[in-house]
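Undergrad: Supplied structure: target.pdb, PDB, C-alpha atoms.
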```
MODEL        1
ATOM      1  CA  MET A   1     -15.686 -12.001  58.798
ATOM      2  CA  PRO A   2     -13.530 -14.944  59.811
ATOM      3  CA  TRP A   3     -10.979 -14.774  56.941
ATOM      4  CA  ASP A   4      -9.611 -18.151  58.080
ATOM      5  CA  GLU A   5      -7.785 -18.951  54.830
ATOM      6  CA  LEU A   6      -6.281 -15.471  54.777
ATOM      7  CA  LYS A   7      -4.949 -15.883  58.295
ATOM      8  CA  GLN A   8      -3.454 -19.263  57.371
ATOM      9  CA  ALA A   9      -1.795 -17.769  54.290
ATOM     10  CA  LEU A  10      -0.281 -14.929  56.303
ATOM     11  CA  ALA A  11       0.975 -17.399  58.899
ATOM     12  CA  ALA A  12       2.516 -19.522  56.141
ATOM     13  CA  GLN A  13       4.492 -16.467  55.019
ATOM     14  CA  LYS A  14       5.544 -15.954  58.650
ATOM     15  CA  ALA A  15       3.985 -12.496  58.458
ATOM     16  CA  ALA A  16       2.917 -10.681  61.590
ATOM     17  CA  TYR A  17      -0.545  -9.157  61.461
ATOM     18  CA  ALA A  18      -2.678  -7.151  63.839
ATOM     19  CA  GLN A  19      -6.387  -7.111  63.164
ATOM     20  CA  ALA A  20      -8.221  -3.814  63.519
ATOM     21  CA  ASP A  21     -11.452  -2.448  62.157
ATOM     22  CA  PRO A  22     -11.451  -1.887  59.268
ATOM     23  CA  LEU A  23      -7.737  -2.265  58.412
ATOM     24  CA  TRP A  24      -5.181  -4.888  59.370
ATOM     25  CA  THR A  25      -1.519  -4.043  59.905
ATOM     26  CA  VAL A  26       0.723  -6.587  58.166
ATOM     27  CA  THR A  27       4.501  -6.892  58.522
ATOM     28  CA  GLY A  28       6.389  -9.292  56.281
ATOM     29  CA  THR A  29       9.605 -11.122  56.967
ATOM     30  CA  ASN A  30      11.250  -8.569  54.664
ATOM     31  CA  GLY A  31      10.434  -5.896  57.248
ATOM     32  CA  ALA A  32       7.905  -4.072  55.089
ATOM     33  CA  SER A  33       4.787  -2.962  56.921
ATOM     34  CA  PHE A  34       1.501  -1.698  55.529
ATOM     35  CA  ARG A  35      -2.145  -1.358  56.488
ATOM     36  CA  ALA A  36      -4.846  -2.895  54.327
ATOM     37  CA  HIS A  37      -8.435  -4.036  54.319
ATOM     38  CA  PRO A  38      -8.754  -7.839  54.745
ATOM     39  CA  ALA A  39     -10.763  -8.019  51.494
ATOM     40  CA  PHE A  40      -7.755  -6.517  49.704
ATOM     41  CA  LEU A  41      -5.382  -8.981  51.374
ATOM     42  CA  GLU A  42      -7.695 -11.792  50.325
ATOM     43  CA  GLU A  43      -7.555 -10.584  46.722
ATOM     44  CA  VAL A  44      -3.760 -10.523  46.884
ATOM     45  CA  ARG A  45      -3.801 -14.041  48.343
ATOM     46  CA  LEU A  46      -6.015 -15.344  45.556
ATOM     47  CA  GLY A  47      -3.709 -13.680  43.036
ATOM     48  CA  ASN A  48      -0.696 -15.417  44.635
ATOM     49  CA  GLY A  49       0.791 -12.014  45.476
ATOM     50  CA  LEU A  50       1.477 -12.469  49.185
ATOM     51  CA  PRO A  51       4.943 -14.072  48.835
ATOM     52  CA  ASP A  52       6.411 -11.179  46.822
ATOM     53  CA  LEU A  53       4.864  -8.532  49.076
ATOM     54  CA  LEU A  54       5.817 -10.195  52.355
ATOM     55  CA  THR A  55       9.065 -12.063  51.703
ATOM     56  CA  ALA A  56      10.803 -10.506  48.671
ATOM     57  CA  THR A  57      14.070  -8.818  49.569
ATOM     58  CA  ASP A  58      15.438  -7.860  46.157
ATOM     59  CA  ARG A  59      14.292  -4.379  45.148
ATOM     60  CA  GLN A  60      13.093  -5.293  41.676
ATOM     61  CA  THR A  61      10.756  -8.107  42.740
ATOM     62  CA  PHE A  62       9.453  -6.128  45.683
ATOM     63  CA  GLY A  63       9.010  -2.977  43.618
ATOM     64  CA  VAL A  64       7.054  -4.846  40.953
ATOM     65  CA  ALA A  65       4.805  -6.310  43.652
ATOM     66  CA  LEU A  66       4.136  -2.885  45.179
ATOM     67  CA  GLY A  67       3.225  -1.517  41.761
ATOM     68  CA  ARG A  68       1.143  -4.521  40.766
ATOM     69  CA  TRP A  69      -1.034  -4.279  43.868
ATOM     70  CA  ARG A  70      -0.713  -0.502  44.339
ATOM     71  CA  VAL A  71       0.469  -0.851  47.930
ATOM     72  CA  THR A  72       1.584   2.158  49.938
ATOM     73  CA  LEU A  73       3.894   1.178  52.794
ATOM     74  CA  ASP A  74       3.875   2.705  56.254
ATOM     75  CA  SER A  75       7.351   4.037  55.455
ATOM     76  CA  HIS A  76       5.845   5.957  52.524
ATOM     77  CA  LEU A  77       3.273   7.513  54.843
ATOM     78  CA  GLU A  78       6.116   8.953  56.928
ATOM     79  CA  GLU A  79       6.424  11.557  54.140
ATOM     80  CA  ILE A  80       2.990  13.000  54.930
ATOM     81  CA  PRO A  81       4.205  15.900  57.138
ATOM     82  CA  GLU A  82       6.459  17.016  54.279
ATOM     83  CA  VAL A  83       3.592  16.605  51.794
ATOM     84  CA  ARG A  84       1.279  18.745  53.924
ATOM     85  CA  THR A  85       3.955  21.448  54.145
ATOM     86  CA  ALA A  86       4.452  21.395  50.373
ATOM     87  CA  LEU A  87       0.699  21.725  49.780
ATOM     88  CA  GLY A  88       0.072  24.315  52.467
ATOM     89  CA  LEU A  89      -2.147  21.985  54.483
ATOM     90  CA  ALA A  90      -2.501  22.176  58.254
ATOM     91  CA  ALA A  91      -0.977  19.381  60.326
ATOM     92  CA  GLY A  92      -3.380  16.518  60.957
ATOM     93  CA  ARG A  93      -5.776  17.431  58.179
ATOM     94  CA  PHE A  94      -7.067  14.462  56.147
ATOM     95  CA  ASP A  95      -5.472  11.969  58.477
ATOM     96  CA  SER A  96      -6.987   8.545  57.770
ATOM     97  CA  VAL A  97      -4.815   5.996  55.965
ATOM     98  CA  ASP A  98      -6.936   6.371  52.839
ATOM     99  CA  ASP A  99      -6.639  10.179  53.042
ATOM    100  CA  GLN A 100      -2.867  10.015  53.433
ATOM    101  CA  ILE A 101      -2.474   7.683  50.459
ATOM    102  CA  THR A 102      -4.609  10.049  48.382
ATOM    103  CA  LEU A 103      -2.448  13.030  49.402
ATOM    104  CA  LEU A 104       0.748  11.182  48.499
ATOM    105  CA  ARG A 105      -0.567  10.310  45.046
ATOM    106  CA  HIS A 106      -1.821  13.854  44.509
ATOM    107  CA  ARG A 107       1.583  15.276  45.434
ATOM    108  CA  ASP A 108       3.237  12.962  42.897
ATOM    109  CA  ALA A 109       0.711  13.902  40.191
ATOM    110  CA  VAL A 110       1.047  17.682  40.510
ATOM    111  CA  ARG A 111       4.822  17.467  40.322
ATOM    112  CA  SER A 112       4.415  16.889  36.568
ATOM    113  CA  LEU A 113       2.974  20.389  36.151
ATOM    114  CA  ARG A 114       5.207  23.359  35.381
ATOM    115  CA  VAL A 115       3.916  25.050  38.536
ATOM    116  CA  GLY A 116       3.545  21.878  40.568
ATOM    117  CA  SER A 117       6.592  22.336  42.794
ATOM    118  CA  ASP A 118       5.956  26.006  43.611
ATOM    119  CA  ARG A 119       4.882  26.131  47.257
ATOM    120  CA  VAL A 120       3.335  29.593  46.932
ATOM    121  CA  ILE A 121       1.058  28.387  44.136
ATOM    122  CA  ALA A 122       0.341  25.127  45.985
ATOM    123  CA  ALA A 123      -0.713  27.086  49.084
ATOM    124  CA  ALA A 124      -2.898  29.350  46.931
ATOM    125  CA  GLY A 125      -4.509  26.196  45.538
ATOM    126  CA  THR A 126      -5.228  25.005  49.062
ATOM    127  CA  ALA A 127      -6.794  28.369  49.874
ATOM    128  CA  PHE A 128      -8.939  28.028  46.740
ATOM    129  CA  ALA A 129     -10.075  24.559  47.834
ATOM    130  CA  ASP A 130     -10.921  25.886  51.292
ATOM    131  CA  ARG A 131     -12.964  28.756  49.838
ATOM    132  CA  ARG A 132     -14.894  26.201  47.825
ATOM    133  CA  GLY A 133     -15.701  24.205  50.954
ATOM    134  CA  ALA A 134     -13.574  21.083  50.449
ATOM    135  CA  ARG A 135     -14.814  18.605  53.075
ATOM    136  CA  THR A 136     -13.157  15.362  52.029
ATOM    137  CA  VAL A 137      -9.680  14.633  50.768
ATOM    138  CA  HIS A 138     -11.170  13.879  47.360
ATOM    139  CA  ASP A 139     -12.905  17.279  47.239
ATOM    140  CA  TYR A 140      -9.587  18.813  48.159
ATOM    141  CA  VAL A 141      -7.425  17.104  45.547
ATOM    142  CA  HIS A 142      -9.930  17.796  42.732
ATOM    143  CA  LEU A 143     -10.191  21.476  43.624
ATOM    144  CA  HIS A 144      -6.464  21.815  44.220
ATOM    145  CA  SER A 145      -5.727  20.113  40.911
ATOM    146  CA  PHE A 146      -8.155  22.454  39.136
ATOM    147  CA  PHE A 147      -6.378  25.504  40.540
ATOM    148  CA  LEU A 148      -2.884  24.316  39.673
ATOM    149  CA  THR A 149      -3.897  23.122  36.199
ATOM    150  CA  ALA A 150      -5.642  26.416  35.468
ATOM    151  CA  VAL A 151      -2.642  28.476  36.599
ATOM    152  CA  ASN A 152      -0.394  26.191  34.560
ATOM    153  CA  SER A 153      -2.534  26.908  31.464
ATOM    154  CA  PHE A 154      -2.245  30.677  31.925
ATOM    155  CA  GLY A 155       1.492  30.562  31.213
ATOM    156  CA  GLY A 156       4.082  33.030  32.430
ATOM    157  CA  ASN A 157       4.842  33.800  36.045
ATOM    158  CA  TYR A 158       2.224  33.397  38.742
ATOM    159  CA  ASP A 159       0.448  36.647  39.632
ATOM    160  CA  PRO A 160      -1.142  36.446  43.092
ATOM    161  CA  ASN A 161      -3.181  39.567  42.347
ATOM    162  CA  THR A 162      -4.928  38.337  39.201
ATOM    163  CA  HIS A 163      -4.565  34.578  38.804
ATOM    164  CA  PRO A 164      -6.807  33.502  41.739
ATOM    165  CA  GLY A 165      -9.635  35.637  40.318
ATOM    166  CA  ARG A 166      -9.143  34.138  36.865
ATOM    167  CA  VAL A 167      -9.310  30.634  38.342
ATOM    168  CA  ASP A 168     -12.488  31.548  40.252
ATOM    169  CA  ALA A 169     -14.130  32.739  37.023
ATOM    170  CA  LEU A 170     -13.073  29.622  35.102
ATOM    171  CA  TYR A 171     -14.248  27.338  37.888
ATOM    172  CA  ALA A 172     -17.655  29.015  38.110
ATOM    173  CA  LEU A 173     -18.193  28.418  34.399
ATOM    174  CA  ALA A 174     -16.997  24.803  34.568
ATOM    175  CA  VAL A 175     -18.904  23.717  37.676
ATOM    176  CA  GLY A 176     -22.048  25.370  36.342
ATOM    177  CA  SER A 177     -21.967  23.414  33.084
ATOM    178  CA  PRO A 178     -24.839  20.983  32.420
ATOM    179  CA  ALA A 179     -22.446  18.013  32.482
ATOM    180  CA  ALA A 180     -21.094  18.989  35.921
ATOM    181  CA  VAL A 181     -24.536  19.704  37.344
ATOM    182  CA  GLY A 182     -25.463  16.108  36.469
ATOM    183  CA  ALA A 183     -22.573  14.599  38.437
ATOM    184  CA  GLY A 184     -23.321  11.922  41.018
ATOM    185  CA  THR A 185     -23.366   8.184  41.666
ATOM    186  CA  ALA A 186     -25.501   5.420  40.157
ATOM    187  CA  HIS A 187     -26.637   2.387  42.140
ATOM    188  CA  LEU A 188     -25.517  -0.378  39.778
ATOM    189  CA  GLY A 189     -24.267  -3.162  42.038
ATOM    190  CA  GLY A 190     -23.789  -4.496  45.514
ATOM    191  CA  GLU A 191     -21.170  -5.690  47.983
ATOM    192  CA  THR A 192     -20.171  -8.659  45.788
ATOM    193  CA  ASP A 193     -19.218  -6.337  42.930
ATOM    194  CA  TRP A 194     -16.957  -4.464  45.335
ATOM    195  CA  LYS A 195     -15.423  -7.481  47.060
ATOM    196  CA  THR A 196     -14.439  -9.494  43.955
ATOM    197  CA  HIS A 197     -14.317  -8.874  40.230
ATOM    198  CA  GLN A 198     -17.715  -9.507  38.647
ATOM    199  CA  PRO A 199     -18.115  -9.639  34.825
ATOM    200  CA  GLY A 200     -21.820  -9.043  35.390
ATOM    201  CA  PHE A 201     -21.068  -5.675  36.954
ATOM    202  CA  ALA A 202     -18.986  -4.716  33.927
ATOM    203  CA  LEU A 203     -22.025  -5.540  31.785
ATOM    204  CA  ALA A 204     -24.215  -3.337  33.986
ATOM    205  CA  VAL A 205     -21.762  -0.449  33.654
ATOM    206  CA  HIS A 206     -21.653  -0.960  29.890
ATOM    207  CA  ALA A 207     -25.452  -0.855  29.699
ATOM    208  CA  GLU A 208     -25.693   2.285  31.845
ATOM    209  CA  ALA A 209     -22.683   4.140  30.405
ATOM    210  CA  GLY A 210     -24.885   6.912  29.052
ATOM    211  CA  ARG A 211     -25.935   8.020  32.519
ATOM    212  CA  LEU A 212     -22.699   7.429  34.407
ATOM    213  CA  ASN A 213     -20.891  10.532  35.589
ATOM    214  CA  PHE A 214     -18.129  11.531  37.980
ATOM    215  CA  ARG A 215     -18.977  11.407  41.669
ATOM    216  CA  THR A 216     -19.055  15.184  42.157
ATOM    217  CA  PRO A 217     -18.970  18.293  39.945
ATOM    218  CA  GLU A 218     -15.536  19.067  41.410
ATOM    219  CA  ALA A 219     -14.233  15.681  40.295
ATOM    220  CA  LEU A 220     -15.529  16.072  36.732
ATOM    221  CA  VAL A 221     -14.219  19.574  36.130
ATOM    222  CA  GLY A 222     -10.928  18.826  37.880
ATOM    223  CA  HIS A 223     -10.281  15.865  35.592
ATOM    224  CA  ALA A 224     -11.601  17.627  32.487
ATOM    225  CA  LEU A 225      -9.156  20.495  32.912
ATOM    226  CA  LYS A 226      -6.314  18.182  33.907
ATOM    227  CA  HIS A 227      -6.795  16.035  30.801
ATOM    228  CA  VAL A 228      -7.361  18.700  28.142
ATOM    229  CA  ARG A 229      -6.505  17.714  24.583
ATOM    230  CA  ARG A 230      -2.791  17.660  23.871
ATOM    231  CA  GLY A 231      -1.752  20.332  21.388
ATOM    232  CA  GLY A 232      -5.289  21.664  21.097
ATOM    233  CA  SER A 233      -6.698  25.144  21.536
ATOM    234  CA  PRO A 234      -5.966  27.076  24.726
ATOM    235  CA  VAL A 235      -8.309  26.496  27.645
ATOM    236  CA  PRO A 236     -11.396  28.596  26.821
ATOM    237  CA  THR A 237     -12.623  31.397  29.042
ATOM    238  CA  ASP A 238     -16.148  31.854  27.656
ATOM    239  CA  ALA A 239     -19.155  29.916  28.967
ATOM    240  CA  ALA A 240     -19.874  28.031  25.738
ATOM    241  CA  GLY A 241     -16.262  26.969  25.344
ATOM    242  CA  VAL A 242     -15.855  25.821  28.956
ATOM    243  CA  HIS A 243     -19.170  23.951  28.878
ATOM    244  CA  ALA A 244     -18.096  22.185  25.685
ATOM    245  CA  LEU A 245     -14.719  21.254  27.199
ATOM    246  CA  VAL A 246     -16.420  19.564  30.164
ATOM    247  CA  ALA A 247     -19.191  17.927  28.102
ATOM    248  CA  ASP A 248     -16.788  16.564  25.476
ATOM    249  CA  TYR A 249     -14.576  15.044  28.155
ATOM    250  CA  LEU A 250     -17.497  13.288  29.838
ATOM    251  CA  ALA A 251     -18.891  12.066  26.506
ATOM    252  CA  GLU A 252     -15.513  10.636  25.537
ATOM    253  CA  ALA A 253     -15.206   8.839  28.881
ATOM    254  CA  ARG A 254     -18.628   7.270  28.423
ATOM    255  CA  GLN A 255     -17.781   6.290  24.871
ATOM    256  CA  LYS A 256     -14.678   4.451  26.074
ATOM    257  CA  ILE A 257     -16.890   2.328  28.332
ATOM    258  CA  ILE A 258     -19.247   1.585  25.440
ATOM    259  CA  THR A 259     -16.495   0.575  23.009
ATOM    260  CA  THR A 260     -14.504  -1.619  25.422
ATOM    261  CA  PRO A 261     -15.503  -5.310  25.236
ATOM    262  CA  THR A 262     -16.704  -6.332  28.671
ATOM    263  CA  ASN A 263     -14.600  -9.500  28.474
ATOM    264  CA  ASP A 264     -11.529  -7.256  28.464
ATOM    265  CA  VAL A 265     -12.538  -5.393  31.615
ATOM    266  CA  TRP A 266     -10.538  -6.122  34.748
ATOM    267  CA  SER A 267     -10.583  -4.626  38.222
ATOM    268  CA  GLY A 268      -8.678  -4.133  41.430
ATOM    269  CA  LEU A 269      -9.643  -3.390  45.025
ATOM    270  CA  ALA A 270      -8.063  -0.416  46.759
ATOM    271  CA  GLN A 271      -5.599  -1.205  49.551
ATOM    272  CA  THR A 272      -7.929   0.375  52.110
ATOM    273  CA  GLY A 273     -11.003  -1.286  50.630
ATOM    274  CA  ALA A 274     -12.637   2.081  49.918
ATOM    275  CA  THR A 275     -13.536   1.148  46.341
ATOM    276  CA  ARG A 276     -12.995  -1.409  43.602
ATOM    277  CA  THR A 277     -11.984   0.116  40.266
ATOM    278  CA  TYR A 278     -13.106  -1.484  37.012
ATOM    279  CA  TYR A 279     -10.777  -0.660  34.115
ATOM    280  CA  PHE A 280     -12.298  -0.144  30.663
ATOM    281  CA  GLY A 281      -9.318   0.071  28.310
ATOM    282  CA  VAL A 282      -5.542  -0.100  28.627
ATOM    283  CA  LEU A 283      -4.027   1.133  31.889
ATOM    284  CA  ASN A 284      -1.678   4.139  31.521
ATOM    285  CA  LYS A 285      -2.645   4.527  27.839
ATOM    286  CA  HIS A 286      -6.355   4.891  27.160
ATOM    287  CA  ALA A 287      -8.820   3.954  29.858
ATOM    288  CA  CYS A 288     -11.977   4.918  31.651
ATOM    289  CA  MET A 289     -12.051   3.825  35.271
ATOM    290  CA  VAL A 290     -15.298   3.167  37.094
ATOM    291  CA  ALA A 291     -15.287   2.905  40.890
ATOM    292  CA  VAL A 292     -17.813   0.999  42.993
ATOM    293  CA  ASP A 293     -18.107   1.029  46.764
ATOM    294  CA  SER A 294     -19.391  -1.658  49.102
ATOM    295  CA  ALA A 295     -22.921  -0.248  48.848
ATOM    296  CA  GLY A 296     -22.907  -0.766  45.071
ATOM    297  CA  LEU A 297     -22.737   2.933  44.180
ATOM    298  CA  ALA A 298     -20.729   3.508  40.991
ATOM    299  CA  TRP A 299     -19.150   6.518  39.302
ATOM    300  CA  ILE A 300     -16.461   7.396  36.766
ATOM    301  CA  SER A 301     -13.240   8.074  38.654
ATOM    302  CA  THR A 302     -10.749   8.825  35.851
ATOM    303  CA  TYR A 303     -10.501   9.012  32.077
ATOM    304  CA  TYR A 304      -7.436   9.609  29.930
ATOM    305  CA  ALA A 305      -6.433   9.052  26.316
ATOM    306  CA  PRO A 306      -3.279   9.265  24.174
ATOM    307  CA  ASP A 307      -4.299  12.702  22.837
ATOM    308  CA  ARG A 308      -5.043  14.087  26.283
ATOM    309  CA  ILE A 309      -2.420  15.457  28.653
TER     310      ILE A 309
ENDMDL
END
```
Take the structure in the file and give it back as structure tokens.
TA:
Amino acid sequence: MPWDELKQALAAQKAAYAQADPLWTVTGTNGASFRAHPAFLEEVRLGNGLPDLLTATDRQTFGVALGRWRVTLDSHLEEIPEVRTALGLAAGRFDSVDDQITLLRHRDAVRSLRVGSDRVIAAAGTAFADRRGARTVHDYVHLHSFFLTAVNSFGGNYDPNTHPGRVDALYALAVGSPAAVGAGTAHLGGETDWKTHQPGFALAVHAEAGRLNFRTPEALVGHALKHVRRGGSPVPTDAAGVHALVADYLAEARQKIITTPTNDVWSGLAQTGATRTYYFGVLNKHACMVAVDSAGLAWISTYYAPDRI
């Protein structure tokens, strides 16, 4: 890919850039450095976002730009050794840029839990994820989140003798539910739908909402437990109750896709280019997010609502 206009735009901002496959390293005149896929940089260019990311020196403007484009700086990634220690992860595990960004965001998310800052519980969650065969960083964060959320729902002090077994039992029920067994991707698009926002892809997602699911069973049950109904009944422990919890969550996510006008759908490409996320609903309030990769495979990545934690 030549990316000639992108290179010219970076040069115009007097930004230094080093091309690598697949990510480029970009350093602005403000001293900020980050790694990104050229397709992401091109999207930022087309959105006129390069000046604020590469030249802004006041914290407010720069901070807004980082949030708008969801950019993680190289200086943020320097926290990764501390993050691994807090989570009980071995040094060097999940070490790609995309993996490190995912770990940082996971660390920030679990901090909101009552038990989220307890390193003993975090390490027990990592052991749980390892027992369940977490291969990718996404497997890990979904399983780790499930463990911490389950322990959080038990209340009281953490009991290392009984709580891991209770989480194992709850997980077995959840991952064995019909909704979780049906998890996987759907081939709904192509590289164009990943590279730039395509209203036609939003229409395809809308039409196929009834068969869309999360990418893996671990992802579905991890999100379903994380986003249980606010102020509702305690997390169930029987098979019928757990199956209903997972099925209701998935059905509600699909319904949000169906009821969102496709003209209101917008999207953004991940900094590393791993996926484009199409947003059905209002970000940070009530939304179902659908990810698509460069091969056109799509899946539900997140769903939350005002009445869900």
Undergrad: Taking only C-alpha atoms into account, name the residue in A:His227, A:His138, A:Arg215, A:His37 that is nearest to A:His106.
TA: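 Counting only C-alpha atoms, the residue closest to A:His106 is A:His138.
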Undergrad: So how far away is atom CA of A:Gln255 from atom CA of A:Tyr279, in Å?
TA: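 Taking atom CA of A:Tyr279 as the start and atom CA of A:Gln255 as the end point, the length is 13.5 Å.
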Undergrad: Starting from the displayed file, determine the output of the PyMOL selection byres ((chain A and resi 149) around 9) and express the residue list as a PyMOL selection string.
TA: chain A and resi 110+113+115-116+144-148+150-154+222+225-226
Undergrad: As a ChimeraX atom specification, please: the residues near A:Ser117 (cut-off 12 Å, only C-alpha atoms, same-chain neighbours under 4 positions excluded).
TA: /A:83,85-88,107-113,121-123,148,152
Undergrad: Could you name the residues that touch A:Asp4 at 12 Å or less, counting all atoms listed in the file, but leaving out those on the same chain fewer than 6 positions away, as a PyMOL selection string?
TA: chain A and resi 10-11+38+42
Undergrad: Only C-alpha atoms, please: the residues just picked out, written as a JSON list (two decimals), keeping the file's coordinate frame.
TA:
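Final output, part.json:
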```json
[["chain", "number", "residue", "atom", "x", "y", "z"],
["A", 10, "LEU", "CA", -0.28, -14.93, 56.30],
["A", 11, "ALA", "CA", 0.98, -17.40, 58.90],
["A", 38, "PRO", "CA", -8.75, -7.84, 54.74],
["A", 42, "GLU", "CA", -7.70, -11.79, 50.32]]
```
Undergrad: Check what the PyMOL selection byres ((chain A and resi 245) around 12) selects in the file above and give those residues as a ChimeraX atom specification.
TA: /A:170,173-175,177-180,220-229,232-244,246-252
Undergrad: Figure out the distance between atom CA of A:Gln198 and atom CA of A:Pro306, please, to one decimal in Å.
TA: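 Calculated distance between atom CA of A:Pro306 and atom CA of A:Gln198 is 27.8 Å.
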Undergrad: Here is a test: counting only C-alpha atoms, which residue of A:Gly125, A:Pro51, A:Gly63, A:Pro261 is nearest to A:His206?
TA: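 So, comparing all the options, the nearest one is A:Pro261.
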Undergrad: List the spatial neighbours of A:Leu6 as an MDAnalysis selection string - criterion: any atom at most 12 Å away, only C-alpha atoms, same-chain residues fewer than 3 positions off excluded.
TA: chainID A and resid 1:3 9:13 15 17 19 24 26 37:46 48 50
Undergrad: Check the smallest atom-to-atom distance from each of A:Thr302, A:Thr27, A:Gln271, A:Thr57 to A:Asn284 using only C-alpha atoms, then report the winner.
TA: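 Using only C-alpha atoms, the shortest distance to A:Asn284 belongs to A:Thr302.
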Undergrad: Suppose a student applies the PyMOL selection byres ((chain A and resi 66) around 12) to this structure; what residues should they get, written as a VMD selection string?
TA: chain A and resid 32 to 34 44 49 to 54 56 59 to 65 67 to 73 76 271
Undergrad: Counting all atoms listed in the file, note down every residue that has an atom within 10 Å of the point (-2.4, 35.6, 45.6) (file coordinates), as an MDAnalysis selection string.
TA: chainID A and resid 120:121 123:125 127 158:165
Undergrad: When you draw a straight line from atom CA of A:Thr102 to atom CA of A:Val137, how long is it in Å?
TA: 7.2 Å
Undergrad: Nearest residue to A:Ala134 out of A:Trp266, A:Phe94, A:Phe280, A:Phe214, using all atoms listed in the file?
TA: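 Comparing A:Trp266, A:Phe94, A:Phe280, A:Phe214 against A:Ala134, the winner is A:Phe94.
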Undergrad: Got a sec: who's within 12 Å of A:Asp95, counting only C-alpha atoms, leaving out chain neighbours fewer than 3 positions off, as an NGL selection string?
TA: :A and (77 or 80-81 or 84 or 89-92 or 98-104 or 136-137)
Undergrad: Which is closest to A:Ala207 among A:Leu188, A:Ala219, A:Arg105, A:Asp293, if we use all atoms listed in the file?
TA: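 Closest to A:Ala207 of all the choices is A:Leu188.
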Undergrad: For A:Ser294, which residue out of A:Thr55, A:Thr25, A:Thr196, A:Thr259 is the nearest one, using only C-alpha atoms?
TA: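 Among the listed residues, the smallest separation from A:Ser294 belongs to A:Thr196.
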Undergrad: Add whatever atoms are absent from stretch 133-145 of chain A to reach N, CA, C and O atoms, and provide the output as a PDB file, in the frame of the given file.
TA:
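File selection25.pdb, as written:
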```pdb
ATOM      1  N   GLY A 133     -15.069  25.096  49.975  1.00  0.00           N
ATOM      2  CA  GLY A 133     -15.701  24.205  50.954  1.00  0.00           C
ATOM      3  C   GLY A 133     -15.297  22.754  50.858  1.00  0.00           C
ATOM      4  O   GLY A 133     -16.130  21.863  51.104  1.00  0.00           O
ATOM      5  N   ALA A 134     -14.037  22.474  50.529  1.00  0.00           N
ATOM      6  CA  ALA A 134     -13.574  21.083  50.449  1.00  0.00           C
ATOM      7  C   ALA A 134     -13.753  20.392  51.801  1.00  0.00           C
ATOM      8  O   ALA A 134     -13.156  20.794  52.794  1.00  0.00           O
ATOM      9  N   ARG A 135     -14.571  19.335  51.824  1.00  0.00           N
ATOM     10  CA  ARG A 135     -14.814  18.605  53.075  1.00  0.00           C
ATOM     11  C   ARG A 135     -13.983  17.338  53.161  1.00  0.00           C
ATOM     12  O   ARG A 135     -13.466  16.988  54.209  1.00  0.00           O
ATOM     13  N   THR A 136     -13.891  16.630  52.050  1.00  0.00           N
ATOM     14  CA  THR A 136     -13.157  15.362  52.029  1.00  0.00           C
ATOM     15  C   THR A 136     -11.826  15.541  51.307  1.00  0.00           C
ATOM     16  O   THR A 136     -11.614  16.530  50.596  1.00  0.00           O
ATOM     17  N   VAL A 137     -10.960  14.564  51.456  1.00  0.00           N
ATOM     18  CA  VAL A 137      -9.680  14.633  50.768  1.00  0.00           C
ATOM     19  C   VAL A 137      -9.876  14.619  49.262  1.00  0.00           C
ATOM     20  O   VAL A 137      -9.117  15.241  48.511  1.00  0.00           O
ATOM     21  N   HIS A 138     -10.928  13.926  48.805  1.00  0.00           N
ATOM     22  CA  HIS A 138     -11.170  13.879  47.360  1.00  0.00           C
ATOM     23  C   HIS A 138     -11.667  15.225  46.841  1.00  0.00           C
ATOM     24  O   HIS A 138     -11.248  15.669  45.768  1.00  0.00           O
ATOM     25  N   ASP A 139     -12.535  15.903  47.600  1.00  0.00           N
ATOM     26  CA  ASP A 139     -12.905  17.279  47.239  1.00  0.00           C
ATOM     27  C   ASP A 139     -11.655  18.129  47.129  1.00  0.00           C
ATOM     28  O   ASP A 139     -11.491  18.905  46.175  1.00  0.00           O
ATOM     29  N   TYR A 140     -10.794  17.986  48.119  1.00  0.00           N
ATOM     30  CA  TYR A 140      -9.587  18.813  48.159  1.00  0.00           C
ATOM     31  C   TYR A 140      -8.692  18.588  46.943  1.00  0.00           C
ATOM     32  O   TYR A 140      -8.287  19.554  46.278  1.00  0.00           O
ATOM     33  N   VAL A 141      -8.379  17.348  46.629  1.00  0.00           N
ATOM     34  CA  VAL A 141      -7.425  17.104  45.547  1.00  0.00           C
ATOM     35  C   VAL A 141      -8.011  17.523  44.197  1.00  0.00           C
ATOM     36  O   VAL A 141      -7.279  18.011  43.321  1.00  0.00           O
ATOM     37  N   HIS A 142      -9.329  17.371  43.991  1.00  0.00           N
ATOM     38  CA  HIS A 142      -9.930  17.796  42.732  1.00  0.00           C
ATOM     39  C   HIS A 142      -9.885  19.313  42.593  1.00  0.00           C
ATOM     40  O   HIS A 142      -9.553  19.843  41.520  1.00  0.00           O
ATOM     41  N   LEU A 143     -10.221  20.019  43.667  1.00  0.00           N
ATOM     42  CA  LEU A 143     -10.191  21.476  43.624  1.00  0.00           C
ATOM     43  C   LEU A 143      -8.759  22.000  43.518  1.00  0.00           C
ATOM     44  O   LEU A 143      -8.479  22.940  42.767  1.00  0.00           O
ATOM     45  N   HIS A 144      -7.868  21.395  44.261  1.00  0.00           N
ATOM     46  CA  HIS A 144      -6.464  21.815  44.220  1.00  0.00           C
ATOM     47  C   HIS A 144      -5.872  21.571  42.834  1.00  0.00           C
ATOM     48  O   HIS A 144      -5.158  22.426  42.285  1.00  0.00           O
ATOM     49  N   SER A 145      -6.196  20.421  42.255  1.00  0.00           N
ATOM     50  CA  SER A 145      -5.727  20.113  40.911  1.00  0.00           C
ATOM     51  C   SER A 145      -6.281  21.109  39.900  1.00  0.00           C
ATOM     52  O   SER A 145      -5.562  21.548  38.992  1.00  0.00           O
TER      53      SER A 145
END
```
